[in-house]
>>> print(open('final.cif').read())   # mmCIF, C-alpha atoms and all ligand atoms
data_entry
#
loop_
_atom_site.label_atom_id
_atom_site.label_comp_id
_atom_site.auth_asym_id
_atom_site.auth_seq_id
_atom_site.Cartn_x
_atom_site.Cartn_y
_atom_site.Cartn_z
CA MET A 284 86.95 53.53 164.33
CA ARG A 285 85.73 56.52 166.23
CA LEU A 286 86.65 58.28 169.46
CA ASN A 287 83.44 59.25 171.24
CA GLU A 288 84.55 60.57 174.61
CA LEU A 289 87.74 61.58 176.31
CA ARG A 290 88.06 62.18 180.03
CA LEU A 291 91.20 63.74 181.49
CA ARG A 292 92.23 64.29 185.05
CA ASP A 293 95.47 66.08 185.91
CA PHE A 294 96.96 65.37 182.50
CA ARG A 295 99.40 68.16 181.50
CA ASN A 296 97.53 71.47 182.05
CA TYR A 297 94.07 69.81 182.25
CA ARG A 298 92.56 69.63 185.70
CA GLU A 299 89.33 67.74 185.05
CA THR A 300 87.83 67.62 181.57
CA ALA A 301 85.33 65.45 179.75
CA LEU A 302 84.81 65.89 176.03
CA THR A 303 82.52 64.33 173.47
CA TRP A 304 83.75 64.38 169.90
CA ASP A 305 82.38 64.83 166.43
CA PRO A 306 82.65 61.57 164.44
CA ASP A 307 84.11 63.54 161.52
CA VAL A 308 86.24 66.65 161.80
CA ASN A 309 87.11 68.27 165.14
CA LEU A 310 88.83 71.61 165.02
CA ILE A 311 90.71 72.42 168.23
CA VAL A 312 91.35 76.13 168.33
CA GLY A 313 93.19 78.31 170.83
CA ASP A 314 96.11 80.66 171.42
CA ASN A 315 99.60 79.31 171.97
CA ALA A 316 100.35 77.27 175.10
CA GLN A 317 96.68 76.68 175.97
CA GLY A 318 96.69 72.88 175.69
CA LYS A 319 95.82 72.00 172.08
CA THR A 320 98.77 69.68 171.51
CA ASN A 321 98.29 68.28 175.02
CA LEU A 322 94.87 67.08 173.95
CA LEU A 323 96.26 65.26 170.89
CA GLU A 324 99.02 63.85 173.08
CA ALA A 325 96.39 62.38 175.41
CA ILE A 326 94.57 60.70 172.50
CA ALA A 327 97.82 59.34 171.06
CA TYR A 328 98.94 58.14 174.50
CA LEU A 329 95.80 56.09 174.90
CA GLY A 330 96.33 54.71 171.39
CA ALA A 331 99.94 53.65 171.75
CA GLY A 332 100.58 53.54 175.50
CA ARG A 333 103.31 56.13 175.12
CA SER A 334 103.75 59.82 174.45
CA PHE A 335 105.03 61.19 171.15
CA ARG A 336 106.63 64.09 173.03
CA THR A 337 108.46 62.62 175.98
CA GLN A 338 109.88 59.40 177.35
CA LYS A 339 109.52 60.69 180.90
CA SER A 340 105.93 59.87 181.73
CA GLY A 341 106.11 61.92 184.96
CA GLU A 342 106.06 65.05 182.80
CA LEU A 343 102.53 64.19 181.73
CA VAL A 344 101.15 64.61 185.23
CA ARG A 345 99.88 68.11 186.04
CA PHE A 346 102.47 69.99 188.05
CA GLY A 347 102.10 69.33 191.78
CA GLN A 348 99.78 66.32 191.36
CA GLU A 349 100.54 62.68 192.05
CA PHE A 350 98.95 61.01 189.07
CA ALA A 351 97.09 61.62 185.83
CA ASP A 352 94.08 59.57 184.81
CA LEU A 353 92.88 59.49 181.21
CA GLU A 354 90.19 57.43 179.58
CA ALA A 355 88.65 57.17 176.12
CA GLN A 356 85.38 55.63 175.01
CA VAL A 357 85.74 54.40 171.47
CA PHE A 358 83.86 52.42 168.88
CA SER A 359 86.31 50.07 167.19
CA GLN A 360 86.57 46.43 166.16
CA GLN A 361 82.75 46.47 165.83
CA ARG A 362 82.08 47.32 169.46
CA GLN A 363 82.16 49.92 172.21
CA GLN A 364 85.49 49.79 174.02
CA SER A 365 87.35 51.79 176.59
CA VAL A 366 91.01 52.40 177.15
CA ARG A 367 92.41 54.01 180.26
CA ALA A 368 95.84 55.02 181.54
CA VAL A 369 96.90 56.05 185.02
CA ILE A 370 100.28 57.75 184.98
CA PHE A 371 102.22 58.49 188.14
CA ALA A 372 104.40 61.55 188.71
CA ARG A 373 107.12 59.44 190.29
CA GLY A 374 108.02 56.08 191.66
CA ARG A 375 105.44 53.83 190.02
CA PRO A 376 105.02 52.44 186.52
CA ARG A 377 101.94 53.56 184.63
CA GLN A 378 98.86 51.36 184.52
CA LEU A 379 96.96 50.54 181.35
CA TYR A 380 93.43 49.18 181.08
CA ARG A 381 91.52 47.86 178.12
CA ASN A 382 87.77 47.52 178.71
CA GLY A 383 88.43 47.74 182.44
CA VAL A 384 90.98 44.92 182.44
CA LYS A 385 94.52 45.76 183.49
CA LYS A 386 97.15 45.14 180.81
CA LYS A 387 100.87 44.62 181.30
CA THR A 388 102.18 46.08 178.05
CA ALA A 389 101.28 48.78 175.56
CA ALA A 390 101.22 46.08 172.88
CA GLU A 391 98.04 44.72 174.44
CA LEU A 392 96.23 47.97 173.57
CA ALA A 393 96.94 47.51 169.86
CA GLY A 394 93.98 48.12 167.59
CA VAL A 395 91.62 49.77 170.09
CA LEU A 396 92.48 53.36 169.26
CA PRO A 397 94.85 53.52 166.28
CA THR A 398 96.20 57.00 165.58
CA VAL A 399 98.30 58.73 162.96
CA LEU A 400 99.92 61.95 164.12
CA PHE A 401 101.05 64.58 161.67
CA CYS A 402 102.95 67.58 163.02
CA PRO A 403 105.17 70.27 161.50
CA GLU A 404 108.39 68.37 162.34
CA ASP A 405 107.11 65.51 160.18
CA LEU A 406 107.22 67.83 157.18
CA LEU A 407 110.99 67.87 157.55
CA VAL A 408 111.40 64.19 158.36
CA LEU A 409 113.13 63.50 155.05
CA LYS A 410 115.78 66.16 155.69
CA SER A 411 116.33 65.62 159.41
CA GLY A 412 118.59 63.18 161.27
CA ALA A 413 117.75 59.47 161.14
CA ALA A 414 116.05 59.18 164.55
CA PRO A 415 112.70 60.76 163.52
CA ARG A 416 112.56 58.50 160.45
CA ARG A 417 113.11 55.43 162.62
CA ARG A 418 110.40 56.70 164.98
CA LEU A 419 107.99 57.05 162.08
CA GLY A 420 108.43 53.40 161.13
CA ASP A 421 108.43 52.18 164.73
CA ASN A 422 105.27 54.09 165.54
CA VAL A 423 103.23 52.39 162.82
CA LEU A 424 104.76 48.95 163.29
CA CYS A 425 104.17 49.03 167.04
CA GLN A 426 100.51 49.80 166.46
CA LEU A 427 100.11 47.17 163.75
CA ARG A 428 102.23 44.35 165.13
CA PRO A 429 102.18 43.67 168.88
CA ASN A 430 105.11 41.27 168.40
CA TYR A 431 107.16 44.05 166.87
CA ASP A 432 106.33 46.31 169.81
CA ALA A 433 107.49 43.63 172.25
CA ALA A 434 110.67 42.94 170.23
CA LEU A 435 111.52 46.64 170.02
CA GLY A 436 111.09 46.93 173.79
CA GLU A 437 113.43 43.99 174.36
CA TYR A 438 115.99 45.31 171.85
CA THR A 439 116.01 48.74 173.52
CA ARG A 440 116.54 47.19 176.95
CA LEU A 441 119.34 44.92 175.71
CA LEU A 442 121.02 47.85 174.02
CA GLU A 443 120.93 49.91 177.22
CA GLN A 444 122.40 47.04 179.19
CA LYS A 445 125.13 46.44 176.65
CA SER A 446 126.00 50.16 176.62
CA ARG A 447 126.31 50.09 180.38
CA ILE A 448 128.62 47.06 180.20
CA LEU A 449 130.80 48.78 177.59
CA LYS A 450 131.09 51.88 179.77
CA ASP A 451 131.58 50.12 183.11
CA ARG A 452 134.09 47.56 181.90
CA PHE A 453 137.01 49.96 182.43
CA GLU A 454 136.33 49.76 186.16
CA ASN A 455 135.13 46.18 186.15
CA PRO A 456 136.85 44.16 183.36
CA ALA A 457 134.99 40.95 184.25
CA LEU A 458 131.84 42.45 182.76
CA VAL A 459 133.18 41.77 179.26
CA GLU A 460 132.37 38.09 179.78
CA LEU A 461 128.68 38.97 179.68
CA LEU A 462 128.92 40.47 176.21
CA PRO A 463 128.57 37.32 174.04
CA GLU A 464 125.21 36.54 175.60
CA TYR A 465 123.90 40.08 175.00
CA ASN A 466 125.32 40.14 171.48
CA LEU A 467 123.61 36.91 170.48
CA ARG A 468 120.23 38.06 171.76
CA LEU A 469 120.66 41.50 170.15
CA CYS A 470 121.31 39.82 166.80
CA GLN A 471 118.31 37.49 167.17
CA VAL A 472 115.89 40.26 168.15
CA GLY A 473 117.55 42.64 165.66
CA ALA A 474 116.88 40.16 162.85
CA LEU A 475 113.21 40.17 163.75
CA LEU A 476 113.08 43.98 163.66
CA ILE A 477 114.79 44.07 160.26
CA SER A 478 112.46 41.48 158.86
CA TYR A 479 109.37 43.46 159.95
CA ARG A 480 110.84 46.75 158.79
CA ALA A 481 111.79 45.44 155.35
CA ARG A 482 108.21 44.37 154.65
CA PHE A 483 106.72 47.49 156.15
CA PHE A 484 108.94 49.94 154.28
CA GLU A 485 108.26 48.15 151.02
CA SER A 486 104.49 48.59 151.44
CA LEU A 487 104.88 52.13 152.75
CA GLY A 488 107.01 53.06 149.74
CA GLN A 489 104.51 51.66 147.27
CA GLU A 490 101.58 53.41 148.90
CA ALA A 491 103.44 56.73 149.26
CA ALA A 492 104.49 56.55 145.60
CA ARG A 493 100.82 56.36 144.66
CA PHE A 494 99.95 59.48 146.68
CA HIS A 495 103.00 61.31 145.41
CA GLY A 496 102.04 60.46 141.85
CA GLN A 497 98.60 62.02 142.32
CA PHE A 498 100.14 64.99 144.04
CA SER A 499 102.81 65.76 141.47
CA GLY A 500 100.70 64.78 138.48
CA GLY A 501 103.00 61.81 137.88
CA ALA A 502 105.93 64.07 137.06
CA GLU A 503 108.27 62.54 139.64
CA ASP A 504 109.11 58.94 140.30
CA PHE A 505 108.94 58.35 144.09
CA ALA A 506 110.95 55.50 145.63
CA LEU A 507 111.67 54.61 149.24
CA GLU A 508 114.84 52.76 150.16
CA TYR A 509 115.33 51.09 153.53
CA HIS A 510 118.90 51.00 154.83
CA THR A 511 120.06 48.54 157.44
CA VAL A 512 123.26 46.80 158.58
CA SER A 513 125.51 46.40 155.52
CA THR A 514 126.18 42.68 155.91
CA VAL A 515 122.47 41.85 155.56
CA THR A 516 122.22 40.91 151.90
CA ASP A 517 118.57 39.86 151.78
CA ARG A 518 116.18 41.45 154.29
CA MET A 519 113.45 38.99 153.35
CA ALA A 520 115.71 36.01 154.13
CA PRO A 521 114.91 33.59 156.98
CA MET A 522 115.61 34.95 160.44
CA SER A 523 118.56 32.59 161.01
CA GLN A 524 120.40 34.01 158.00
CA ILE A 525 119.84 37.62 159.05
CA THR A 526 120.93 36.77 162.60
CA ALA A 527 124.19 35.24 161.32
CA GLN A 528 124.87 38.25 159.12
CA LEU A 529 124.26 40.63 162.02
CA GLN A 530 126.67 38.57 164.12
CA ALA A 531 129.32 38.83 161.42
CA HIS A 532 128.98 42.62 161.39
CA MET A 533 129.11 42.75 165.16
CA GLU A 534 132.22 40.61 165.32
CA ALA A 535 133.94 42.82 162.78
CA HIS A 536 133.21 45.82 165.03
CA ALA A 537 133.86 44.19 168.41
CA ARG A 538 137.19 45.94 168.93
CA ALA A 539 135.77 49.33 167.92
CA GLU A 540 132.83 48.87 170.30
CA LEU A 541 135.15 48.13 173.21
CA ASP A 542 137.40 51.08 172.38
CA SER A 543 134.59 53.59 171.89
CA ALA A 544 132.35 52.12 174.61
CA GLN A 545 129.41 52.45 172.19
CA CYS A 546 127.04 50.05 170.45
CA LEU A 547 128.11 50.62 166.88
CA THR A 548 126.32 47.86 165.03
CA GLY A 549 122.70 46.80 164.73
CA PRO A 550 119.31 47.98 163.47
CA HIS A 551 119.19 50.84 166.00
CA LYS A 552 121.14 52.66 163.25
CA ASP A 553 118.60 51.86 160.51
CA ASP A 554 117.35 54.59 158.23
CA PHE A 555 115.46 55.16 155.02
CA ASP A 556 115.74 57.63 152.20
CA VAL A 557 113.33 58.77 149.54
CA THR A 558 114.44 59.42 146.00
CA LEU A 559 112.50 61.38 143.39
CA SER A 560 113.36 60.27 139.89
CA GLY A 561 116.56 58.78 141.31
CA LEU A 562 117.72 61.85 143.27
CA SER A 563 118.01 61.62 147.06
CA LEU A 564 115.64 64.03 148.79
CA LYS A 565 117.94 64.26 151.78
CA SER A 566 120.71 65.67 149.60
CA PHE A 567 118.90 67.37 146.74
CA GLY A 568 115.25 67.91 147.70
CA SER A 569 113.73 71.38 147.47
CA GLN A 570 111.56 72.62 150.36
CA GLY A 571 108.42 71.90 148.37
CA GLN A 572 109.54 68.43 147.29
CA VAL A 573 110.48 67.47 150.84
CA ARG A 574 107.08 68.59 152.15
CA THR A 575 105.09 66.93 149.40
CA ALA A 576 106.94 63.66 149.91
CA ALA A 577 106.39 63.88 153.68
CA ILE A 578 102.65 64.37 153.17
CA SER A 579 102.61 61.36 150.83
CA LEU A 580 104.35 59.28 153.50
CA LYS A 581 101.82 60.29 156.16
CA LEU A 582 98.84 59.55 153.96
CA ALA A 583 100.44 56.22 153.07
CA GLN A 584 100.88 55.43 156.74
CA ARG A 585 97.19 56.04 157.35
CA GLU A 586 96.22 54.00 154.30
CA LEU A 587 98.34 51.01 155.41
CA MET A 588 96.85 51.10 158.88
CA ARG A 589 93.37 51.31 157.46
CA ARG A 590 94.00 48.34 155.19
CA GLU A 591 95.67 46.16 157.79
CA MET A 592 93.32 46.91 160.65
CA GLY A 593 90.16 47.01 158.60
CA GLU A 594 89.30 50.38 160.06
CA GLU A 595 90.31 53.95 159.81
CA PRO A 596 92.84 55.26 162.32
CA VAL A 597 92.14 58.62 163.91
CA LEU A 598 94.15 61.34 162.21
CA LEU A 599 95.76 63.94 164.47
CA LEU A 600 96.90 67.03 162.58
CA ASP A 601 98.87 69.19 164.99
CA ASP A 602 99.34 72.68 163.54
CA VAL A 603 100.33 71.18 160.24
CA LEU A 604 97.78 72.79 157.93
CA SER A 605 98.93 76.31 158.80
CA GLU A 606 102.42 75.28 157.66
CA LEU A 607 101.20 74.39 154.18
CA ASP A 608 100.34 76.51 151.16
CA ALA A 609 96.75 76.42 149.90
CA GLY A 610 97.44 73.77 147.25
CA ARG A 611 98.96 71.35 149.74
CA GLN A 612 96.27 72.09 152.33
CA ASP A 613 93.63 71.18 149.79
CA PHE A 614 95.43 68.00 148.81
CA VAL A 615 95.55 66.86 152.43
CA LEU A 616 91.94 67.86 153.12
CA ASN A 617 90.68 66.16 149.97
CA GLN A 618 92.44 62.95 151.01
CA ILE A 619 90.80 62.84 154.42
CA VAL A 620 87.18 62.83 153.42
CA SER A 621 86.57 59.71 155.49
CA GLY A 622 87.41 58.91 159.08
CA GLN A 623 87.73 61.00 162.21
CA VAL A 624 90.17 63.89 162.25
CA PHE A 625 91.46 66.18 164.98
CA ILE A 626 92.98 69.42 163.72
CA THR A 627 94.68 71.94 165.98
CA CYS A 628 95.36 75.50 164.93
CA CYS A 629 95.59 79.00 166.36
CA GLU A 630 93.64 80.72 163.60
CA PRO A 631 90.86 78.54 162.19
CA GLY A 632 90.33 80.92 159.24
CA ARG A 633 88.98 79.02 156.31
CA PHE A 634 88.92 75.69 158.19
CA THR A 635 85.93 76.49 160.42
CA ARG A 636 83.51 75.13 157.86
CA LEU A 637 85.17 71.69 158.07
CA GLY A 638 83.51 70.46 161.26
CA THR A 639 82.90 71.06 164.96
CA THR A 640 85.09 73.67 166.60
CA ILE A 641 86.14 73.61 170.23
CA ARG A 642 88.10 76.42 171.81
CA ILE A 643 90.77 75.72 174.41
CA THR A 644 91.83 78.25 177.03
CA GLN A 645 94.38 77.25 179.67
CA GLY A 646 93.37 73.64 179.85
CA GLY A 647 89.68 74.50 179.75
CA VAL A 648 87.23 73.88 176.94
CA GLU A 649 84.42 75.93 175.39
CA LYS A 650 82.22 74.43 172.72
P1 LIG B 1 100.93 75.99 170.60
O1 LIG B 1 99.87 76.68 169.81
O2 LIG B 1 102.02 76.93 170.96
O3 LIG B 1 101.40 74.72 169.99
P2 LIG B 1 99.35 74.45 172.48
O4 LIG B 1 97.99 74.95 172.74
O5 LIG B 1 99.51 73.29 171.58
O6 LIG B 1 100.28 75.66 172.03
P3 LIG B 1 100.32 72.73 174.54
O7 LIG B 1 101.65 72.30 174.08
O8 LIG B 1 99.19 71.80 174.39
O9 LIG B 1 100.00 74.14 173.88
O10 LIG B 1 100.33 73.13 176.08
C1 LIG B 1 101.41 73.79 176.58
C2 LIG B 1 101.12 74.24 177.99
O11 LIG B 1 100.92 73.13 178.85
C3 LIG B 1 102.31 75.00 178.46
O12 LIG B 1 101.90 76.25 178.96
C4 LIG B 1 102.88 74.13 179.54
O13 LIG B 1 103.44 74.86 180.58
C5 LIG B 1 101.68 73.35 180.01
N1 LIG B 1 102.09 72.07 180.60
C6 LIG B 1 102.85 71.12 180.03
N2 LIG B 1 103.04 70.08 180.86
C7 LIG B 1 102.38 70.41 181.99
C8 LIG B 1 102.20 69.75 183.24
N3 LIG B 1 102.76 68.55 183.48
N4 LIG B 1 101.46 70.37 184.18
C9 LIG B 1 100.91 71.58 183.94
N5 LIG B 1 101.04 72.25 182.79
C10 LIG B 1 101.77 71.68 181.83
MG MG B 2 100.77 72.89 170.00
#
>>> encode(input="final.cif", output="structure tokens")
Amino acid sequence: MRLNELRLRDFRNYRETALTWDPDVNLIVGDNAQGKTNLLEAIAYLGAGRSFRTQKSGELVRFGQEFADLEAQVFSQQRQQSVRAVIFARGRPRQLYRNGVKKKTAAELAGVLPTVLFCPEDLLVLKSGAAPRRRLGDNVLCQLRPNYDAALGEYTRLLEQKSRILKDRFENPALVELLPEYNLRLCQVGALLISYRARFFESLGQEAARFHGQFSGGAEDFALEYHTVSTVTDRMAPMSQITAQLQAHMEAHARAELDSAQCLTGPHKDDFDVTLSGLSLKSFGSQGQVRTAAISLKLAQRELMRREMGEEPVLLLDDVLSELDAGRQDFVLNQIVSGQVFITCCEPGRFTRLGTTIRITQGGVEK
């Protein structure tokens, strides 16, 4: 796939901008706070229907304006396509369009503009808290599986509602009667999430192990382990079995949930860990090992998307190359010989020869 044009109006610090892109490597250069990451955010937003930086879409609208309008012209799925988003500063839900037709959900954009984002925080994903690791999995699955995207949306809504019930029940005890209905649905939708994640993390682990093997010269044995609710004995089991096992866990924690007024059980606590030759990276990984494994995971993510979608996702490298030593930079660059890439950096240095450079100054663009 290939992003040909991007048009922005009142998105972040961009007033009115139209850009045509190189089909290979685009180097986005500029000083700090000029709008480099904003540009990648716009591309990723059109790909996934959400921002990787904020949940509050109003923040995406240029200060003082009422709405942002962004549109991309892409060549994907063997044809020219367009994807457009209109985001309001307040009061109205955002509108999404695919080839001029209004769509209700982000899931309906799947496949038009697939993206893989790689930023400096991702280099630490194997050392950080669990939330960024869950986001990594969710991001790919949402792009690959519209049903997963819809299920995750429903699960998140149910969880919010259940949390509210648990908190408000002290004032309004009758609310507790609503819980069984929410719990059942959470377990059903939760089972679906686990089933998708189990398959996805298995493939991701295999693919990442291959990259890591090339990277480390086969010296370390890379393995990825997906952790979910402890009562789930077989993640590949039929949905009804996983649902029942989630219910059992939930029942065992019902009292604790009421006392703490928190949702303590379910796949919103899922996580994964990477081991190198049997040692957990989270606990024992060196800086270099953690980074190398993170790069392997990212390349694996791109490879899986390429394989499943039959085309290459756009790779967005936000400031990540400057964080790597020369050996790791070369490994990444050698692995991205094909496909379209967007690289942001302050100092292009030795990267200028890679492709077309555009310079960003305060939301403006010079070629
Ligand atoms: P760095 O090199 O430090 O990563 P960058 O070029 O990637 O910088 P961005 O994060 O893209 O910078 O842009 C940051 C700028 O955008 C900030 O100056 C910020 O104030 C501005 N900005 C963010 N949101 C908005 C908005 N809604 N309206 C106007 N300006 C905004
Ligand atoms: Mg930036």
>>> residues_around(input="final.cif", residues="range 471-484 of chain A", least_positions_apart="6", cutoff="10 Å", atoms="only C-alpha atoms", output="MDAnalysis selection string")
chainID A and resid 417 420:421 423:424 428 430:438 441 465 490 507:512 515 517:530 549:551 553 555 584 587
>>> residues_near_ligand(input="final.cif", ligand="ligand MG 2 (chain B)", cutoff="12 Å", atoms="only C-alpha atoms and all ligand atoms", output="PDB file with C-alpha atoms, keeping the file's coordinate frame")
ATOM      1  CA  ILE A 311      90.710  72.420 168.230  1.00  0.00           C
ATOM      2  CA  VAL A 312      91.350  76.130 168.330  1.00  0.00           C
ATOM      3  CA  GLY A 313      93.190  78.310 170.830  1.00  0.00           C
ATOM      4  CA  ASP A 314      96.110  80.660 171.420  1.00  0.00           C
ATOM      5  CA  ASN A 315      99.600  79.310 171.970  1.00  0.00           C
ATOM      6  CA  ALA A 316     100.350  77.270 175.100  1.00  0.00           C
ATOM      7  CA  GLN A 317      96.680  76.680 175.970  1.00  0.00           C
ATOM      8  CA  GLY A 318      96.690  72.880 175.690  1.00  0.00           C
ATOM      9  CA  LYS A 319      95.820  72.000 172.080  1.00  0.00           C
ATOM     10  CA  THR A 320      98.770  69.680 171.510  1.00  0.00           C
ATOM     11  CA  ASN A 321      98.290  68.280 175.020  1.00  0.00           C
ATOM     12  CA  LEU A 322      94.870  67.080 173.950  1.00  0.00           C
ATOM     13  CA  LEU A 323      96.260  65.260 170.890  1.00  0.00           C
ATOM     14  CA  GLU A 324      99.020  63.850 173.080  1.00  0.00           C
ATOM     15  CA  ARG A 336     106.630  64.090 173.030  1.00  0.00           C
ATOM     16  CA  PHE A 401     101.050  64.580 161.670  1.00  0.00           C
ATOM     17  CA  CYS A 402     102.950  67.580 163.020  1.00  0.00           C
ATOM     18  CA  PRO A 403     105.170  70.270 161.500  1.00  0.00           C
ATOM     19  CA  GLU A 404     108.390  68.370 162.340  1.00  0.00           C
ATOM     20  CA  LEU A 599      95.760  63.940 164.470  1.00  0.00           C
ATOM     21  CA  LEU A 600      96.900  67.030 162.580  1.00  0.00           C
ATOM     22  CA  ASP A 601      98.870  69.190 164.990  1.00  0.00           C
ATOM     23  CA  ASP A 602      99.340  72.680 163.540  1.00  0.00           C
ATOM     24  CA  VAL A 603     100.330  71.180 160.240  1.00  0.00           C
ATOM     25  CA  SER A 605      98.930  76.310 158.800  1.00  0.00           C
ATOM     26  CA  ILE A 626      92.980  69.420 163.720  1.00  0.00           C
ATOM     27  CA  THR A 627      94.680  71.940 165.980  1.00  0.00           C
ATOM     28  CA  CYS A 628      95.360  75.500 164.930  1.00  0.00           C
ATOM     29  CA  CYS A 629      95.590  79.000 166.360  1.00  0.00           C
ATOM     30  CA  ILE A 643      90.770  75.720 174.410  1.00  0.00           C
TER      31      ILE A 643
END
>>> closest_residue(input="final.cif", among="A:Arg292, A:Arg377, A:Lys339, A:Arg345", to="ligand LIG 1 (chain B)", atoms="all atoms listed in the file")
A:Arg345
>>> atom_distance(input="final.cif", atom1="CA of Ile326 in chain A", atom2="CA of Leu302 in chain A")
11.6 Å
>>> residues_around(input="final.cif", residues="Arg362 in chain A", least_positions_apart="2", cutoff="12 Å", atoms="all atoms listed in the file", output="list in words")
Met284, Arg285, Leu286, Gln356, Val357, Phe358, Ser359, Gln360, Gln364, Ser365, Asn382 and Val395 of chain A
>>> closest_residue(input="final.cif", among="A:Val344, A:Ile370, A:Leu329, A:Met588", to="ligand LIG 1 (chain B)", atoms="all atoms listed in the file")
A:Val344
>>> closest_residue(input="final.cif", among="A:Leu562, A:Ala537, A:Leu400, A:Val624", to="Gly638 in chain A", atoms="all atoms listed in the file")
A:Val624
>>> atom_distance(input="final.cif", atom1="CA of Gln363 in chain A", atom2="CA of Val597 in chain A")
15.6 Å
>>> axis_aligned_box(input="final.cif", around="range 503-515 of chain A", padding_each_side="6 Å", output="lines of an AutoDock Vina configuration file")
center_x = 117.2
center_y = 52.2
center_z = 149.1
size_x = 29.9
size_y = 32.7
size_z = 30.9
>>> closest_residue(input="final.cif", among="A:Thr644, A:Thr514, A:Gln338, A:Asn296", to="Met533 in chain A", atoms="all atoms listed in the file")
A:Thr514
>>> atom_distance(input="final.cif", atom1="CA of Gly488 in chain A", atom2="CA of Val399 in chain A")
16.8 Å
>>> closest_residue(input="final.cif", among="A:Leu564, A:Val557, A:Leu343, A:Ala413", to="ligand LIG 1 (chain B)", atoms="only C-alpha atoms and all ligand atoms")
A:Leu343
>>> decode(input="final.cif", residues="range 574-603 of chain A", atoms="C-alpha atoms", output="PDB file, in the first residue's frame")
ATOM      1  CA  ARG A 574      15.860  -2.651  22.847  1.00  0.00           C
ATOM      2  CA  THR A 575      16.823  -5.427  20.476  1.00  0.00           C
ATOM      3  CA  ALA A 576      13.811  -7.487  21.529  1.00  0.00           C
ATOM      4  CA  ALA A 577      11.532  -4.454  21.112  1.00  0.00           C
ATOM      5  CA  ILE A 578      12.831  -3.886  17.581  1.00  0.00           C
ATOM      6  CA  SER A 579      12.221  -7.564  16.795  1.00  0.00           C
ATOM      7  CA  LEU A 580       8.645  -7.228  18.063  1.00  0.00           C
ATOM      8  CA  LYS A 581       7.999  -4.177  15.887  1.00  0.00           C
ATOM      9  CA  LEU A 582       9.417  -5.784  12.772  1.00  0.00           C
ATOM     10  CA  ALA A 583       7.343  -8.874  13.543  1.00  0.00           C
ATOM     11  CA  GLN A 584       4.236  -6.746  13.853  1.00  0.00           C
ATOM     12  CA  ARG A 585       4.868  -5.272  10.415  1.00  0.00           C
ATOM     13  CA  GLU A 586       5.580  -8.695   8.941  1.00  0.00           C
ATOM     14  CA  LEU A 587       2.335 -10.169  10.331  1.00  0.00           C
ATOM     15  CA  MET A 588       0.313  -7.288   8.972  1.00  0.00           C
ATOM     16  CA  ARG A 589       1.974  -7.612   5.604  1.00  0.00           C
ATOM     17  CA  ARG A 590       1.237 -11.334   5.495  1.00  0.00           C
ATOM     18  CA  GLU A 591      -2.346 -11.105   6.661  1.00  0.00           C
ATOM     19  CA  MET A 592      -3.349  -8.105   4.600  1.00  0.00           C
ATOM     20  CA  GLY A 593      -1.401  -9.023   1.510  1.00  0.00           C
ATOM     21  CA  GLU A 594       0.205  -5.613   1.485  1.00  0.00           C
ATOM     22  CA  GLU A 595       2.797  -3.648   3.288  1.00  0.00           C
ATOM     23  CA  PRO A 596       1.652  -1.359   6.096  1.00  0.00           C
ATOM     24  CA  VAL A 597       3.136   2.116   6.223  1.00  0.00           C
ATOM     25  CA  LEU A 598       5.931   2.287   8.780  1.00  0.00           C
ATOM     26  CA  LEU A 599       6.040   5.379  10.989  1.00  0.00           C
ATOM     27  CA  LEU A 600       9.362   5.794  12.780  1.00  0.00           C
ATOM     28  CA  ASP A 601       8.994   8.644  15.240  1.00  0.00           C
ATOM     29  CA  ASP A 602      12.420   9.760  16.471  1.00  0.00           C
ATOM     30  CA  VAL A 603      13.385   6.174  17.032  1.00  0.00           C
TER      31      VAL A 603
END
